[in-house]
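**Student:** Just one file: final_30.cif, with mmCIF, C-alpha atoms, pLDDT in the B column; chains and numbers go by the auth columns.
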```cif
data_query
#
loop_
_atom_site.group_PDB
_atom_site.id
_atom_site.type_symbol
_atom_site.label_atom_id
_atom_site.label_comp_id
_atom_site.label_asym_id
_atom_site.label_seq_id
_atom_site.Cartn_x
_atom_site.Cartn_y
_atom_site.Cartn_z
_atom_site.B_iso_or_equiv
_atom_site.auth_seq_id
_atom_site.auth_asym_id
ATOM 1 C CA MET A 1 63.778 -43.530 -41.662 95.00 1 A
ATOM 2 C CA LYS A 2 66.010 -44.427 -44.524 97.00 2 A
ATOM 3 C CA LEU A 3 65.865 -44.375 -48.311 96.00 3 A
ATOM 4 C CA THR A 4 68.226 -45.218 -51.140 96.00 4 A
ATOM 5 C CA LEU A 5 68.659 -43.135 -54.293 93.00 5 A
ATOM 6 C CA THR A 6 70.623 -43.782 -57.445 91.00 6 A
ATOM 7 C CA PHE A 7 71.928 -40.884 -59.504 83.00 7 A
ATOM 8 C CA TYR A 8 72.974 -41.319 -63.141 87.00 8 A
ATOM 9 C CA PRO A 9 75.396 -38.491 -64.013 84.00 9 A
ATOM 10 C CA LYS A 10 76.133 -38.062 -67.710 90.00 10 A
ATOM 11 C CA TYR A 11 79.163 -39.995 -68.905 95.00 11 A
ATOM 12 C CA GLN A 12 79.949 -41.245 -65.382 93.00 12 A
ATOM 13 C CA PRO A 13 79.163 -44.348 -63.367 94.00 13 A
ATOM 14 C CA SER A 14 75.957 -44.339 -61.328 93.00 14 A
ATOM 15 C CA ILE A 15 76.066 -43.230 -57.691 88.00 15 A
ATOM 16 C CA THR A 16 73.984 -44.936 -55.023 94.00 16 A
ATOM 17 C CA LEU A 17 73.289 -42.782 -51.985 95.00 17 A
ATOM 18 C CA THR A 18 71.684 -43.905 -48.744 97.00 18 A
ATOM 19 C CA VAL A 19 69.840 -41.110 -46.932 98.00 19 A
ATOM 20 C CA VAL A 20 69.143 -41.524 -43.211 98.00 20 A
ATOM 21 C CA TYR A 21 66.881 -39.215 -41.211 97.00 21 A
ATOM 22 C CA VAL A 22 68.467 -38.361 -37.843 96.00 22 A
ATOM 23 C CA PRO A 23 65.977 -36.580 -35.540 94.00 23 A
ATOM 24 C CA GLU A 24 68.818 -35.185 -33.406 93.00 24 A
ATOM 25 C CA LEU A 25 69.912 -33.018 -36.364 94.00 25 A
ATOM 26 C CA ASP A 26 66.562 -31.164 -36.338 92.00 26 A
ATOM 27 C CA ASN A 27 67.387 -29.079 -33.273 86.00 27 A
ATOM 28 C CA ALA A 28 71.130 -29.484 -32.920 77.00 28 A
ATOM 29 C CA GLY A 29 72.085 -26.656 -35.260 78.00 29 A
ATOM 30 C CA MET A 30 74.312 -29.085 -37.173 83.00 30 A
ATOM 31 C CA ARG A 31 74.436 -29.274 -40.939 89.00 31 A
ATOM 32 C CA PRO A 32 73.396 -32.469 -42.685 94.00 32 A
ATOM 33 C CA TYR A 33 76.464 -34.437 -43.670 96.00 33 A
ATOM 34 C CA LEU A 34 77.705 -37.060 -46.091 96.00 34 A
ATOM 35 C CA HIS A 35 79.938 -39.881 -44.898 97.00 35 A
ATOM 36 C CA VAL A 36 81.945 -40.159 -48.109 94.00 36 A
ATOM 37 C CA SER A 37 83.409 -43.647 -47.730 94.00 37 A
ATOM 38 C CA SER A 38 79.991 -45.256 -47.125 95.00 38 A
ATOM 39 C CA ASN A 39 78.034 -42.909 -49.445 95.00 39 A
ATOM 40 C CA THR A 40 75.544 -42.301 -46.644 97.00 40 A
ATOM 41 C CA ALA A 41 73.920 -38.935 -45.949 97.00 41 A
ATOM 42 C CA TYR A 42 72.676 -38.161 -42.437 97.00 42 A
ATOM 43 C CA VAL A 43 70.057 -35.439 -42.650 97.00 43 A
ATOM 44 C CA ASP A 44 67.415 -33.483 -40.756 95.00 44 A
ATOM 45 C CA TRP A 45 63.699 -33.713 -41.568 95.00 45 A
ATOM 46 C CA GLU A 46 63.646 -30.803 -44.049 95.00 46 A
ATOM 47 C CA ASN A 47 66.422 -32.337 -46.143 95.00 47 A
ATOM 48 C CA PHE A 48 64.937 -35.828 -45.869 97.00 48 A
ATOM 49 C CA LYS A 49 61.709 -34.491 -47.413 97.00 49 A
ATOM 50 C CA ILE A 50 63.730 -33.028 -50.297 96.00 50 A
ATOM 51 C CA PHE A 51 65.465 -36.341 -51.005 96.00 51 A
ATOM 52 C CA ASN A 52 62.127 -38.156 -50.718 96.00 52 A
ATOM 53 C CA ASN A 53 60.330 -36.094 -53.396 94.00 53 A
ATOM 54 C CA THR A 54 60.478 -36.210 -57.200 91.00 54 A
ATOM 55 C CA ASP A 55 62.228 -32.869 -57.847 92.00 55 A
ATOM 56 C CA ILE A 56 65.618 -33.906 -59.273 89.00 56 A
ATOM 57 C CA LYS A 57 67.001 -30.354 -59.245 92.00 57 A
ATOM 58 C CA ALA A 58 66.168 -29.939 -55.541 95.00 58 A
ATOM 59 C CA LYS A 59 67.840 -33.283 -54.765 92.00 59 A
ATOM 60 C CA LYS A 60 71.017 -32.219 -56.568 89.00 60 A
ATOM 61 C CA GLU A 61 71.062 -28.916 -54.690 94.00 61 A
ATOM 62 C CA ALA A 62 70.536 -30.670 -51.345 94.00 62 A
ATOM 63 C CA PHE A 63 73.338 -33.102 -52.191 92.00 63 A
ATOM 64 C CA GLN A 64 75.700 -30.204 -52.924 93.00 64 A
ATOM 65 C CA ARG A 65 74.914 -28.640 -49.527 93.00 65 A
ATOM 66 C CA LEU A 66 75.912 -31.755 -47.560 95.00 66 A
ATOM 67 C CA GLN A 67 79.013 -31.361 -45.420 94.00 67 A
ATOM 68 C CA ARG A 68 81.545 -34.021 -46.499 95.00 68 A
ATOM 69 C CA ILE A 69 83.111 -36.178 -43.810 94.00 69 A
ATOM 70 C CA ASP A 70 85.724 -38.818 -44.593 85.00 70 A
#
```
When written as structure tokens, how does the structure in this file appear?

**Tutor:**
Amino acid sequence: MKLTLTFYPKYQPSITLTVVYVPELDNAGMRPYLHVSSNTAYVDWENFKIFNNTDIKAKKEAFQRLQRID
């Protein structure tokens, strides 16, 4: 599953983030990660549910927890 979000930080350009659910991350013990150059997050089911809800604060917190990969 995949979804696209757009964040509008104050006084900064908007950020479009693609979030992809990767079932293998559910049991692999790996952290969800963000591929920085493509602005794509690869996440487990728990994090996908966070990005797919309406709680902006929870989305920001989940975004901060993503492991960055260049």

**Student:** Contacts of range 14-18 of chain A at 12 Å or less, counting all atoms listed in the file, minus same-chain residues fewer than 6 places along, as an MDAnalysis selection string?

**Tutor:** chainID A and resid 1:8 33:43 48 51:52 59:60 63

**Student:** When you draw a straight line from CA of Tyr21 in chain A to CA of Trp45 in chain A, how long is it in Å?

**Tutor:** 6.4 Å

**Student:** Can you tell me how far CA of Leu25 in chain A sits from CA of Ala58 in chain A, in Å to one decimal?

**Tutor:**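 Rounded to one decimal, the two atoms are 19.8 Å apart.
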
**Student:** For a test of reading the model, state the distance in Å between CA of Arg65 in chain A and CA of Pro32 in chain A, rounded to one decimal.

**Tutor:**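 Calculated distance between CA of Arg65 in chain A and CA of Pro32 in chain A is 8.0 Å.
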